[in-house]
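Colleague: Contents are mmCIF, C-alpha atoms; file name start26.cif:
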data_model
loop_
_atom_site.label_atom_id
_atom_site.label_comp_id
_atom_site.auth_asym_id
_atom_site.auth_seq_id
_atom_site.Cartn_x
_atom_site.Cartn_y
_atom_site.Cartn_z
CA MET A 1 -72.00 36.12 145.20
CA LYS A 2 -74.08 35.21 142.16
CA SER A 3 -75.38 38.00 139.97
CA ALA A 4 -79.07 38.87 139.98
CA PRO A 5 -79.98 37.36 136.55
CA ARG A 6 -78.42 34.02 137.45
CA VAL A 7 -80.19 33.94 140.80
CA ALA A 8 -83.50 34.62 139.09
CA PHE A 9 -82.82 31.94 136.53
CA HIS A 10 -81.91 29.35 139.16
CA VAL A 11 -84.98 30.15 141.22
CA PHE A 12 -87.22 29.72 138.21
CA LYS A 13 -85.47 26.49 137.16
CA GLY A 14 -85.71 25.12 140.67
CA TRP A 15 -89.43 25.94 140.82
CA ILE A 16 -89.99 23.78 137.65
CA ASN A 17 -87.95 20.92 139.05
CA THR A 18 -89.96 20.73 142.29
CA SER A 19 -93.00 19.28 140.41
CA ASP A 20 -93.53 16.00 138.61
CA ARG A 21 -91.98 16.41 135.15
CA THR A 22 -94.78 14.45 133.39
CA SER A 23 -97.59 16.44 134.92
CA GLN A 24 -95.73 19.61 134.10
CA THR A 25 -95.46 18.68 130.45
CA LYS A 26 -99.12 17.67 130.27
CA HIS A 27 -100.23 20.83 132.00
CA LEU A 28 -98.16 23.15 129.85
CA SER A 29 -99.15 21.44 126.61
CA ARG A 30 -102.84 22.02 127.45
CA SER A 31 -102.34 25.73 127.80
CA ALA A 32 -100.13 27.72 125.49
CA LYS A 33 -101.39 30.78 127.33
CA ASN A 34 -100.03 29.48 130.63
CA ARG A 35 -96.74 28.67 128.96
CA SER A 36 -96.58 32.11 127.44
CA PHE A 37 -97.43 33.66 130.80
CA LEU A 38 -94.68 31.74 132.61
CA PHE A 39 -91.97 32.75 130.19
CA THR A 40 -93.25 36.32 130.14
CA ILE A 41 -92.91 36.47 133.93
CA PHE A 42 -89.42 35.00 133.70
CA ALA A 43 -88.41 37.47 130.99
CA GLN A 44 -89.69 40.37 133.06
CA LYS A 45 -87.87 39.14 136.14
CA LYS A 46 -84.73 38.61 134.15
CA GLU A 47 -84.98 42.09 132.59
CA GLN A 48 -85.54 43.70 136.00
CA SER A 49 -82.63 41.75 137.45
CA GLU A 50 -80.34 42.74 134.60
CA SER A 51 -81.34 46.37 135.08
CA ARG A 52 -80.56 46.19 138.77
CA ASN A 53 -77.30 44.50 137.98
CA ALA A 54 -76.38 47.23 135.51
CA VAL A 55 -76.97 49.86 138.18
CA ARG A 56 -74.89 47.87 140.64
CA LEU A 57 -72.17 47.42 138.05
CA CYS A 58 -72.17 51.15 137.34
CA LYS A 59 -71.91 51.94 141.04
CA HIS A 60 -69.23 49.29 141.36
CA LYS A 61 -67.22 50.86 138.54
CA ILE A 62 -67.55 54.30 140.12
CA SER A 63 -66.44 52.91 143.47
CA MET A 64 -63.56 51.09 141.83
CA ASN A 65 -62.50 54.27 140.02
CA ARG A 66 -62.48 56.12 143.31
CA ILE A 67 -60.49 53.36 144.95
CA ILE A 68 -58.01 53.32 142.06
CA LEU A 69 -57.69 57.11 142.28
CA LEU A 70 -57.05 56.95 146.02
CA ILE A 71 -54.54 54.14 145.62
CA THR A 72 -52.76 56.01 142.84
CA SER A 73 -52.62 59.19 144.91
CA PHE A 74 -51.32 57.24 147.88
CA ILE A 75 -48.64 55.53 145.78
CA LEU A 76 -47.51 58.83 144.27
CA MET A 77 -47.40 60.49 147.68
CA THR A 78 -45.55 57.53 149.16
CA MET A 79 -43.03 57.48 146.30
CA SER A 80 -42.51 61.21 146.73
CA THR A 81 -42.03 60.78 150.48
CA ILE A 82 -39.64 57.85 150.03
CA GLN A 83 -37.69 59.75 147.41
CA ALA A 84 -37.46 62.76 149.72
CA GLN A 85 -36.47 60.67 152.73
CA GLU A 86 -33.77 58.93 150.72
CA ASN A 87 -32.34 62.41 150.23
CA ASP A 88 -32.86 63.21 153.94
CA ARG A 89 -35.49 65.82 153.10
CA THR A 90 -39.20 66.14 153.71
CA PHE A 91 -39.83 67.17 150.10
CA ALA A 92 -39.11 65.55 146.77
CA PRO A 93 -35.85 66.57 145.07
CA SER A 94 -35.88 68.51 141.82
CA ASP A 95 -34.18 67.40 138.63
CA LYS A 96 -33.70 71.05 137.67
CA VAL A 97 -31.11 71.86 140.33
CA THR A 98 -27.90 70.58 141.85
CA VAL A 99 -27.45 70.29 145.63
CA GLU A 100 -24.18 70.63 147.51
CA LYS A 101 -23.35 70.45 151.21
CA VAL A 102 -21.48 73.59 152.33
CA HIS A 103 -20.22 75.02 155.62
CA PHE A 104 -19.27 78.49 156.85
CA ARG A 105 -18.53 80.15 160.19
CA ASN A 106 -20.28 83.04 161.86
CA ARG A 107 -18.45 85.68 163.91
CA PHE A 108 -19.15 83.73 167.11
CA GLY A 109 -17.03 80.89 165.74
CA ILE A 110 -19.97 78.54 165.12
CA THR A 111 -19.85 76.49 161.93
CA LEU A 112 -23.13 76.55 160.05
CA ALA A 113 -24.19 73.69 157.80
CA ALA A 114 -26.16 74.46 154.66
CA ASP A 115 -27.50 72.90 151.48
CA LEU A 116 -26.65 74.93 148.40
CA TYR A 117 -29.16 74.72 145.54
CA LYS A 118 -28.07 75.88 142.11
CA PRO A 119 -29.85 75.81 138.73
CA LYS A 120 -28.45 73.10 136.48
CA ASN A 121 -26.16 74.38 133.73
CA ALA A 122 -26.10 77.85 135.27
CA GLU A 123 -23.29 80.13 134.15
CA GLY A 124 -21.88 83.39 135.37
CA LYS A 125 -22.62 85.25 138.59
CA LEU A 126 -26.11 84.59 139.92
CA PRO A 127 -28.38 86.45 142.33
CA ALA A 128 -28.34 84.59 145.64
CA ILE A 129 -30.77 84.02 148.52
CA ALA A 130 -30.06 82.75 152.05
CA VAL A 131 -33.03 80.93 153.61
CA SER A 132 -33.71 79.74 157.16
CA GLY A 133 -36.60 78.74 159.40
CA PRO A 134 -39.13 77.93 160.66
CA PHE A 135 -38.25 78.37 164.33
CA GLY A 136 -37.38 74.88 165.53
CA ALA A 137 -37.02 73.36 162.04
CA VAL A 138 -34.00 72.24 160.02
CA LYS A 139 -32.81 72.88 156.47
CA GLU A 140 -34.29 69.60 155.24
CA GLN A 141 -37.78 70.92 155.95
CA SER A 142 -39.45 74.12 154.79
CA SER A 143 -36.34 76.24 154.19
CA GLY A 144 -34.94 73.59 151.85
CA LEU A 145 -38.16 73.57 149.86
CA TYR A 146 -38.01 77.36 149.49
CA ALA A 147 -34.34 77.27 148.48
CA GLN A 148 -34.89 74.48 145.95
CA THR A 149 -37.85 76.27 144.38
CA LEU A 150 -35.91 79.54 144.13
CA ALA A 151 -33.05 77.68 142.46
CA GLU A 152 -35.51 76.25 139.94
CA ARG A 153 -36.33 79.87 139.13
CA GLY A 154 -32.74 80.90 138.49
CA PHE A 155 -31.35 81.89 141.90
CA LEU A 156 -28.47 80.34 143.78
CA ALA A 157 -29.99 79.61 147.17
CA ILE A 158 -28.80 78.14 150.44
CA ALA A 159 -30.91 76.72 153.25
CA PHE A 160 -28.94 76.68 156.50
CA ASP A 161 -29.34 75.20 159.96
CA PRO A 162 -29.17 77.95 162.59
CA SER A 163 -26.49 77.86 165.27
CA TYR A 164 -26.85 75.08 167.86
CA THR A 165 -29.34 73.14 165.74
CA GLY A 166 -29.44 70.53 162.98
CA GLU A 167 -26.02 69.82 161.48
CA SER A 168 -24.60 73.19 162.52
CA SER A 169 -22.21 73.31 165.47
CA GLY A 170 -22.52 75.09 168.79
CA GLU A 171 -22.65 73.88 172.38
CA PRO A 172 -24.80 73.48 174.33
CA ARG A 173 -27.32 72.24 171.80
CA TYR A 174 -30.78 73.58 171.01
CA VAL A 175 -30.19 77.15 172.17
CA ALA A 176 -31.93 80.12 170.55
CA SER A 177 -30.36 83.58 170.70
CA PRO A 178 -31.73 86.71 169.00
CA ASP A 179 -28.21 88.07 168.56
CA ILE A 180 -26.58 84.89 167.28
CA ASN A 181 -29.52 83.87 165.10
CA THR A 182 -29.55 87.31 163.47
CA GLU A 183 -25.81 86.94 162.93
CA ASP A 184 -26.43 83.60 161.20
CA PHE A 185 -28.03 85.47 158.29
CA SER A 186 -25.08 87.83 157.99
CA ALA A 187 -22.69 84.87 158.09
CA ALA A 188 -24.62 83.41 155.16
CA VAL A 189 -24.15 86.71 153.33
CA ASP A 190 -20.40 86.51 154.08
CA PHE A 191 -20.31 83.09 152.45
CA LEU A 192 -22.39 84.01 149.42
CA SER A 193 -20.70 87.31 148.68
CA THR A 194 -17.28 85.66 148.35
CA ARG A 195 -18.33 82.93 145.92
CA ASP A 196 -17.27 83.14 142.29
CA ASP A 197 -20.74 82.17 141.07
CA VAL A 198 -22.58 84.88 143.05
CA ASN A 199 -23.01 88.56 142.30
CA PRO A 200 -22.31 90.18 145.70
CA GLU A 201 -24.53 93.12 144.80
CA ARG A 202 -27.52 90.83 144.30
CA ILE A 203 -27.94 89.03 147.64
CA GLY A 204 -31.23 88.66 149.51
CA ILE A 205 -32.50 86.71 152.50
CA LEU A 206 -35.72 84.87 153.29
CA GLY A 207 -36.85 83.98 156.80
CA ILE A 208 -39.74 81.66 157.64
CA CYS A 209 -41.76 81.81 160.88
CA GLY A 210 -39.45 82.94 163.72
CA TRP A 211 -36.66 83.48 161.25
CA GLY A 212 -38.85 86.03 159.49
CA GLY A 213 -38.37 88.33 162.47
CA PHE A 214 -34.64 87.59 162.61
CA ALA A 215 -34.44 88.33 158.88
CA LEU A 216 -35.91 91.81 159.44
CA ASN A 217 -33.39 92.37 162.23
CA ALA A 218 -30.58 91.29 159.92
CA ALA A 219 -31.84 93.64 157.19
CA ALA A 220 -31.72 96.50 159.70
CA ILE A 221 -28.07 95.70 160.51
CA ASP A 222 -26.54 94.38 157.28
CA THR A 223 -26.50 96.85 154.39
CA ARG A 224 -25.24 94.13 152.02
CA ILE A 225 -28.73 92.61 152.09
CA LYS A 226 -30.60 94.13 149.16
CA ALA A 227 -33.99 92.46 149.61
CA THR A 228 -35.72 90.54 152.41
CA VAL A 229 -38.77 88.26 152.46
CA ALA A 230 -40.41 87.36 155.77
CA SER A 231 -42.85 84.48 155.26
CA THR A 232 -45.50 83.65 157.89
CA MET A 233 -43.32 85.52 160.38
CA TYR A 234 -43.19 85.48 164.16
CA ASP A 235 -41.66 88.20 166.32
CA MET A 236 -39.96 85.82 168.75
CA HIS A 237 -39.27 88.53 171.31
CA ARG A 238 -42.89 89.65 171.35
CA VAL A 239 -44.42 86.19 171.63
CA THR A 240 -41.98 85.24 174.40
CA ALA A 241 -42.39 88.43 176.41
CA ASN A 242 -46.10 89.00 175.83
CA GLY A 243 -47.43 85.52 175.08
CA TYR A 244 -49.77 84.73 172.22
CA PHE A 245 -52.03 87.64 171.32
CA ASP A 246 -50.20 89.80 173.89
CA ALA A 247 -52.00 88.13 176.80
CA MET A 248 -49.14 88.43 179.35
CA ASP A 249 -48.61 91.38 181.68
CA ALA A 250 -45.61 92.40 183.81
CA ASP A 251 -46.61 90.08 186.66
CA ALA A 252 -46.84 87.12 184.29
CA ARG A 253 -43.42 87.97 182.86
CA TYR A 254 -41.97 88.13 186.37
CA GLU A 255 -43.32 84.68 187.16
CA LEU A 256 -41.86 83.38 183.89
CA ARG A 257 -38.45 84.84 184.78
CA LYS A 258 -38.58 83.14 188.18
CA GLN A 259 -39.33 79.79 186.55
CA LEU A 260 -36.61 80.17 183.94
CA ASN A 261 -33.96 81.19 186.46
CA ALA A 262 -34.91 78.30 188.74
CA GLN A 263 -34.39 76.07 185.71
CA ARG A 264 -30.94 77.59 185.18
CA THR A 265 -29.97 76.55 188.70
CA GLU A 266 -31.31 73.06 188.14
CA ASP A 267 -29.51 72.74 184.79
CA PHE A 268 -26.21 73.81 186.35
CA ARG A 269 -26.67 71.38 189.23
CA ASN A 270 -27.41 68.50 186.85
CA GLY A 271 -24.85 69.42 184.22
CA THR A 272 -27.53 69.14 181.54
CA GLN A 273 -30.15 71.30 179.88
CA ALA A 274 -33.85 70.67 180.24
CA LEU A 275 -35.65 70.71 176.91
CA ALA A 276 -39.05 72.31 176.48
CA GLY A 277 -40.44 69.54 174.28
CA GLY A 278 -41.42 69.88 170.64
CA VAL A 279 -44.95 70.08 169.33
CA VAL A 280 -47.28 68.48 171.87
CA ASP A 281 -47.75 64.75 171.32
CA PRO A 282 -50.22 63.14 171.72
CA LEU A 283 -52.40 65.97 170.50
CA PRO A 284 -55.11 66.97 173.02
CA GLU A 285 -58.65 67.00 171.68
CA ASP A 286 -59.14 70.58 172.83
CA ALA A 287 -55.89 71.87 171.31
CA PRO A 288 -56.18 75.21 169.47
CA GLN A 289 -56.38 74.93 165.70
CA PHE A 290 -52.91 76.38 165.17
CA VAL A 291 -51.44 73.70 167.45
CA LYS A 292 -53.25 71.09 165.37
CA ASP A 293 -51.72 72.68 162.27
CA TYR A 294 -48.25 72.46 163.81
CA TYR A 295 -48.86 68.82 164.70
CA ALA A 296 -50.00 68.06 161.14
CA TYR A 297 -46.67 69.35 159.85
CA TYR A 298 -44.04 68.42 162.42
CA LYS A 299 -45.44 65.15 163.77
CA THR A 300 -46.55 63.41 160.57
CA PRO A 301 -44.66 62.16 157.49
CA ARG A 302 -45.57 65.45 155.82
CA GLY A 303 -42.87 67.35 157.72
CA TYR A 304 -41.31 65.17 160.42
CA HIS A 305 -37.52 65.15 160.53
CA LEU A 306 -35.23 63.36 162.96
CA ARG A 307 -33.11 66.49 163.61
CA SER A 308 -36.02 68.91 163.87
CA LEU A 309 -36.49 70.35 167.35
CA ASN A 310 -40.22 70.81 166.87
CA SER A 311 -40.58 67.24 165.66
CA ASN A 312 -38.80 65.92 168.73
CA SER A 313 -37.64 67.31 172.11
CA GLY A 314 -37.69 71.04 171.41
CA TRP A 315 -35.54 73.98 172.48
CA ALA A 316 -33.62 74.38 175.71
CA VAL A 317 -36.09 75.78 178.25
CA THR A 318 -33.79 78.63 179.25
CA SER A 319 -33.51 79.91 175.66
CA ALA A 320 -36.53 82.04 176.46
CA LEU A 321 -34.47 84.23 178.83
CA SER A 322 -32.61 86.09 176.09
CA LEU A 323 -35.73 86.38 173.93
CA LEU A 324 -37.65 87.93 176.84
CA ASN A 325 -35.42 90.98 177.17
CA THR A 326 -34.12 91.46 173.62
CA PRO A 327 -36.47 93.20 171.18
CA ILE A 328 -35.52 92.35 167.60
CA LEU A 329 -37.53 94.88 165.59
CA THR A 330 -36.42 98.08 167.38
CA TYR A 331 -34.73 99.51 164.29
CA SER A 332 -36.84 97.91 161.58
CA ASP A 333 -38.14 101.38 160.64
CA GLU A 334 -34.59 102.18 159.49
CA ILE A 335 -34.43 99.36 156.92
CA ARG A 336 -33.76 101.05 153.59
CA SER A 337 -33.61 97.93 151.43
CA ALA A 338 -36.72 96.23 150.03
CA VAL A 339 -38.96 94.07 152.24
CA LEU A 340 -41.84 91.75 151.40
CA ILE A 341 -43.90 90.35 154.28
CA VAL A 342 -46.09 87.37 153.36
CA HIS A 343 -48.77 86.04 155.66
CA GLY A 344 -51.80 83.77 155.53
CA GLU A 345 -55.26 85.23 155.93
CA LYS A 346 -56.19 82.53 158.47
CA ALA A 347 -52.83 82.43 160.27
CA HIS A 348 -52.91 82.86 164.05
CA SER A 349 -49.60 84.71 163.65
CA ARG A 350 -50.88 87.22 161.10
CA TYR A 351 -50.74 90.09 163.58
CA PHE A 352 -46.94 89.75 163.82
CA GLY A 353 -46.55 90.38 160.11
CA GLU A 354 -49.10 93.15 159.86
CA ASP A 355 -47.69 95.05 162.85
CA ALA A 356 -44.12 94.63 161.58
CA PHE A 357 -45.19 96.03 158.21
CA LYS A 358 -46.79 99.09 159.82
CA LYS A 359 -43.42 100.07 161.24
CA LEU A 360 -41.55 99.82 157.93
CA LYS A 361 -40.90 102.94 155.88
CA GLY A 362 -40.41 103.51 152.16
CA GLU A 363 -42.05 102.69 148.86
CA ASN A 364 -40.09 99.43 148.57
CA LYS A 365 -42.03 97.70 151.37
CA GLU A 366 -44.87 95.28 150.58
CA LEU A 367 -47.41 93.23 152.56
CA LEU A 368 -49.02 90.23 150.89
CA ILE A 369 -51.89 88.37 152.57
CA ILE A 370 -52.65 84.94 151.09
CA PRO A 371 -56.41 84.20 151.01
CA GLY A 372 -57.45 81.15 153.01
CA ALA A 373 -53.91 80.25 154.12
CA ASN A 374 -53.04 79.33 157.70
CA HIS A 375 -49.60 79.63 159.30
CA THR A 376 -48.21 76.24 158.25
CA ASP A 377 -49.67 76.40 154.73
CA LEU A 378 -46.74 78.70 154.00
CA TYR A 379 -44.31 76.00 155.14
CA ASP A 380 -44.87 73.60 152.27
CA ASN A 381 -48.18 74.11 150.45
CA MET A 382 -47.09 74.82 146.89
CA GLU A 383 -50.55 76.06 146.01
CA LYS A 384 -50.44 78.65 148.79
CA ILE A 385 -46.82 79.83 148.87
CA PRO A 386 -46.70 82.77 146.39
CA PHE A 387 -43.47 81.84 144.66
CA ASP A 388 -44.35 83.88 141.57
CA ARG A 389 -44.62 87.03 143.66
CA ILE A 390 -41.51 86.18 145.66
CA GLU A 391 -39.55 85.64 142.44
CA GLN A 392 -40.80 88.93 140.98
CA PHE A 393 -39.90 90.75 144.18
CA PHE A 394 -36.34 89.43 144.24
CA LEU A 395 -35.82 90.06 140.52
CA LYS A 396 -37.05 93.63 140.94
CA TYR A 397 -34.78 94.53 143.83
CA LEU A 398 -31.74 92.29 143.25
CA LYS A 399 -30.48 94.19 140.24
#
Please render this file's structure as structure tokens.
Modeller:
Amino acid sequence: MKSAPRVAFHVFKGWINTSDRTSQTKHLSRSAKNRSFLFTIFAQKKEQSESRNAVRLCKHKISMNRIILLITSFILMTMSTIQAQENDRTFAPSDKVTVEKVHFRNRFGITLAADLYKPKNAEGKLPAIAVSGPFGAVKEQSSGLYAQTLAERGFLAIAFDPSYTGESSGEPRYVASPDINTEDFSAAVDFLSTRDDVNPERIGILGICGWGGFALNAAAIDTRIKATVASTMYDMHRVTANGYFDAMDADARYELRKQLNAQRTEDFRNGTQALAGGVVDPLPEDAPQFVKDYYAYYKTPRGYHLRSLNSNSGWAVTSALSLLNTPILTYSDEIRSAVLIVHGEKAHSRYFGEDAFKKLKGENKELLIIPGANHTDLYDNMEKIPFDRIEQFFLKYLK
């Protein structure tokens, strides 16, 4: 499209050329005033057109700057995603740490797979942290990000796949067990406490989402654990037995037990296990906000992973049976080691963390509520996850 000044010029030139050239010359020569008037009009039109063009050009530059900014942001995000996916992780790798694949067995004979993150050029015996969660995730997702970030801050950290999930062993697949999943943390402590580069007196654990509750259970059992962080925690027994926001009563639980035991019969008959399905997909328009938040993490490039249960087909349906009848926080009031519970102000699950904190005893227990954060913000939002506070907590109590 031609610019405004050129259009104005062409219109004016065309208007001159539509008349007889001789008569034009004669007419204009008789009246200098007319000539002056014509060129004045043209100059004004040209000036107005140039002004409009300048405004358009300014707006164009602003629009182009925005486009360039968006493109740049998209390229950086894409490069970060590609780089992460090349390393089989949902987050970009750090050049400040080394990563090593490790394996260890729990007391049920299940081999757990883990990624070990260690600060580059680290020497001597380091404080160590075992990380797992969220419930239905794998070590290449949120737990790996936590472990990597802790390693950047001087800790040796492992992110492990719980039993029956990810790259860990265990048959049948995709089974959750409050006993075995609590044991997974203690098995990680077994592994860490026997390494030459770990100080066995300086070992902590960090559980995310459902593994926050299992981490508290492990802290109540395992006296080798000196400090525990539960981030955006769920009490998996409570939510299974009572439903969200404690909406289920005894009759509802009975109906759930009937359904689950009917499924057991069907699974045995078929020789397979029915899976509950991961995060709902496609997402219903009337889905609760926290379900939309889960979808935004597990079902998009932000957090999707091929081995993640929540990203794909979910847990075995009958896993809920053991969670129904097995409280995991019964003895949390007897935890003597340090505990930090972190939760988002806007998290639907906040009541799990706050109620768990109320039961804890001792001056070494802390509750940290993150302003404006929802449940999944504490999965991977580096501006929301309080790594400074988490680091300070571990340094204080792992000594």
Colleague: Point out the residue among A:Lys299, A:Arg389, A:His103, A:Arg195 with the least atom-to-atom distance to A:Ser169, counting all atoms listed in the file.
Modeller: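 Looking only at the distances to A:Ser169, the closest residue turns out to be A:His103.
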Colleague: Give as a list of chain:residue names the residues that the PyMOL selection byres ((chain A and resi 158) around 7) matches when applied to the coordinates above.
Modeller: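 Against this file, the PyMOL selection byres ((chain A and resi 158) around 7) returns the residues A:Ala114, A:Asp115, A:Leu116, A:Tyr117, A:Ile129, A:Ala130, A:Val131, A:Ala147, A:Ala157, A:Ala159, A:Phe160.
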Colleague: Once you have the residues from the selection above, write them out as a PDB file, in the frame of the given file, restricted to C-alpha atoms.
Modeller:
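Result saved to out_12.pdb:
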ATOM      1  CA  ALA A 114     -26.160  74.460 154.660  1.00  0.00           C
ATOM      2  CA  ASP A 115     -27.500  72.900 151.480  1.00  0.00           C
ATOM      3  CA  LEU A 116     -26.650  74.930 148.400  1.00  0.00           C
ATOM      4  CA  TYR A 117     -29.160  74.720 145.540  1.00  0.00           C
ATOM      5  CA  ILE A 129     -30.770  84.020 148.520  1.00  0.00           C
ATOM      6  CA  ALA A 130     -30.060  82.750 152.050  1.00  0.00           C
ATOM      7  CA  VAL A 131     -33.030  80.930 153.610  1.00  0.00           C
ATOM      8  CA  ALA A 147     -34.340  77.270 148.480  1.00  0.00           C
ATOM      9  CA  ALA A 157     -29.990  79.610 147.170  1.00  0.00           C
ATOM     10  CA  ALA A 159     -30.910  76.720 153.250  1.00  0.00           C
ATOM     11  CA  PHE A 160     -28.940  76.680 156.500  1.00  0.00           C
TER      12      PHE A 160
END
Colleague: Interatomic distance between atom CA of A:Thr194 and atom CA of A:Gly109?
Modeller: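 Straight-line distance from atom CA of A:Thr194 to atom CA of A:Gly109 works out to 18.0 Å.
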Colleague: How far is it from atom CA of A:Pro93 to atom CA of A:Ala215, in Å with one decimal?
Modeller: 25.8 Å
Colleague: Any chance you could resolve the PyMOL selection byres ((chain A and resi 252-268) around 8) against this file and give the residues as a compact mmCIF listing (two decimals) with C-alpha atoms, keeping the file's coordinate frame?
Modeller:
# COMPACT_ATOMS: atom_id res chain seq x y z
CA ALA A 241 -42.39 88.43 176.41
CA ASN A 242 -46.10 89.00 175.83
CA MET A 248 -49.14 88.43 179.35
CA ASP A 249 -48.61 91.38 181.68
CA ALA A 250 -45.61 92.40 183.81
CA ASP A 251 -46.61 90.08 186.66
CA ARG A 269 -26.67 71.38 189.23
CA ASN A 270 -27.41 68.50 186.85
CA GLY A 271 -24.85 69.42 184.22
CA THR A 272 -27.53 69.14 181.54
CA GLN A 273 -30.15 71.30 179.88
CA ALA A 274 -33.85 70.67 180.24
CA VAL A 317 -36.09 75.78 178.25
CA THR A 318 -33.79 78.63 179.25
CA ALA A 320 -36.53 82.04 176.46
CA LEU A 321 -34.47 84.23 178.83
Colleague: Please write the residues picked by the PyMOL selection byres ((chain A and resi 210) around 10) on this file as a list in words.
Modeller: Ser132, Gly133, Pro134, Phe135, Gly136, Gly207, Ile208, Cys209, Trp211, Gly212, Gly213, Phe214, Ala215, Ala230, Ser231, Thr232, Met233, Tyr234, Asp235, Met236, His237 and Val239 of chain A
Colleague: In the coordinates of the file, take the point (-43.1, 92.5, 152.3) and a cut-off of 6 Å; then, counting only C-alpha atoms, name each qualifying protein, DNA or RNA residue as a list in words.
Modeller: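 Checked against the point, the hits come out as Val339, Leu340, Ile341, Lys365, Glu366 and Leu367 of chain A.
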Colleague: Quick one: everything within 9 Å of A:Tyr146, counting only C-alpha atoms, minus sequence neighbours fewer than 4 positions away in the same chain. Send it as a PyMOL selection string.
Modeller: chain A and resi 131+142+150-151+157+159+206+379-380+387
Colleague: Could you turn the residues from that selection into a file that holds C-alpha atoms, as a PDB file, keeping the file's coordinate frame?
Modeller:
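After the write, out_26.pdb holds the following:
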ATOM      1  CA  VAL A 131     -33.030  80.930 153.610  1.00  0.00           C
ATOM      2  CA  SER A 142     -39.450  74.120 154.790  1.00  0.00           C
ATOM      3  CA  LEU A 150     -35.910  79.540 144.130  1.00  0.00           C
ATOM      4  CA  ALA A 151     -33.050  77.680 142.460  1.00  0.00           C
ATOM      5  CA  ALA A 157     -29.990  79.610 147.170  1.00  0.00           C
ATOM      6  CA  ALA A 159     -30.910  76.720 153.250  1.00  0.00           C
ATOM      7  CA  LEU A 206     -35.720  84.870 153.290  1.00  0.00           C
ATOM      8  CA  TYR A 379     -44.310  76.000 155.140  1.00  0.00           C
ATOM      9  CA  ASP A 380     -44.870  73.600 152.270  1.00  0.00           C
ATOM     10  CA  PHE A 387     -43.470  81.840 144.660  1.00  0.00           C
TER      11      PHE A 387
END
Colleague: Fewer than 5 positions away in the same chain doesn't count, so skip those; otherwise give me all residues within 12 Å of A:Asp88, counting all atoms listed in the file, as an MDAnalysis selection string.
Modeller: chainID A and resid 81:83 93 115 138:141 144 303:308
Colleague: Okay, now the selection with C-alpha atoms, as an mmCIF file, keeping the file's coordinate frame?
Modeller:
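The resulting selection.cif:
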data_model
loop_
_atom_site.group_PDB
_atom_site.id
_atom_site.type_symbol
_atom_site.label_atom_id
_atom_site.label_comp_id
_atom_site.auth_asym_id
_atom_site.auth_seq_id
_atom_site.Cartn_x
_atom_site.Cartn_y
_atom_site.Cartn_z
ATOM 1 C CA THR A 81 -42.030 60.780 150.480
ATOM 2 C CA ILE A 82 -39.640 57.850 150.030
ATOM 3 C CA GLN A 83 -37.690 59.750 147.410
ATOM 4 C CA PRO A 93 -35.850 66.570 145.070
ATOM 5 C CA ASP A 115 -27.500 72.900 151.480
ATOM 6 C CA VAL A 138 -34.000 72.240 160.020
ATOM 7 C CA LYS A 139 -32.810 72.880 156.470
ATOM 8 C CA GLU A 140 -34.290 69.600 155.240
ATOM 9 C CA GLN A 141 -37.780 70.920 155.950
ATOM 10 C CA GLY A 144 -34.940 73.590 151.850
ATOM 11 C CA GLY A 303 -42.870 67.350 157.720
ATOM 12 C CA TYR A 304 -41.310 65.170 160.420
ATOM 13 C CA HIS A 305 -37.520 65.150 160.530
ATOM 14 C CA LEU A 306 -35.230 63.360 162.960
ATOM 15 C CA ARG A 307 -33.110 66.490 163.610
ATOM 16 C CA SER A 308 -36.020 68.910 163.870
#
Colleague: So which one's closest to A:Glu201, A:Thr228, A:Asn381, A:Thr223, A:Gln148? Using all atoms listed in the file, please.
Modeller: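 Closest to A:Glu201, using all atoms listed in the file: A:Thr223.
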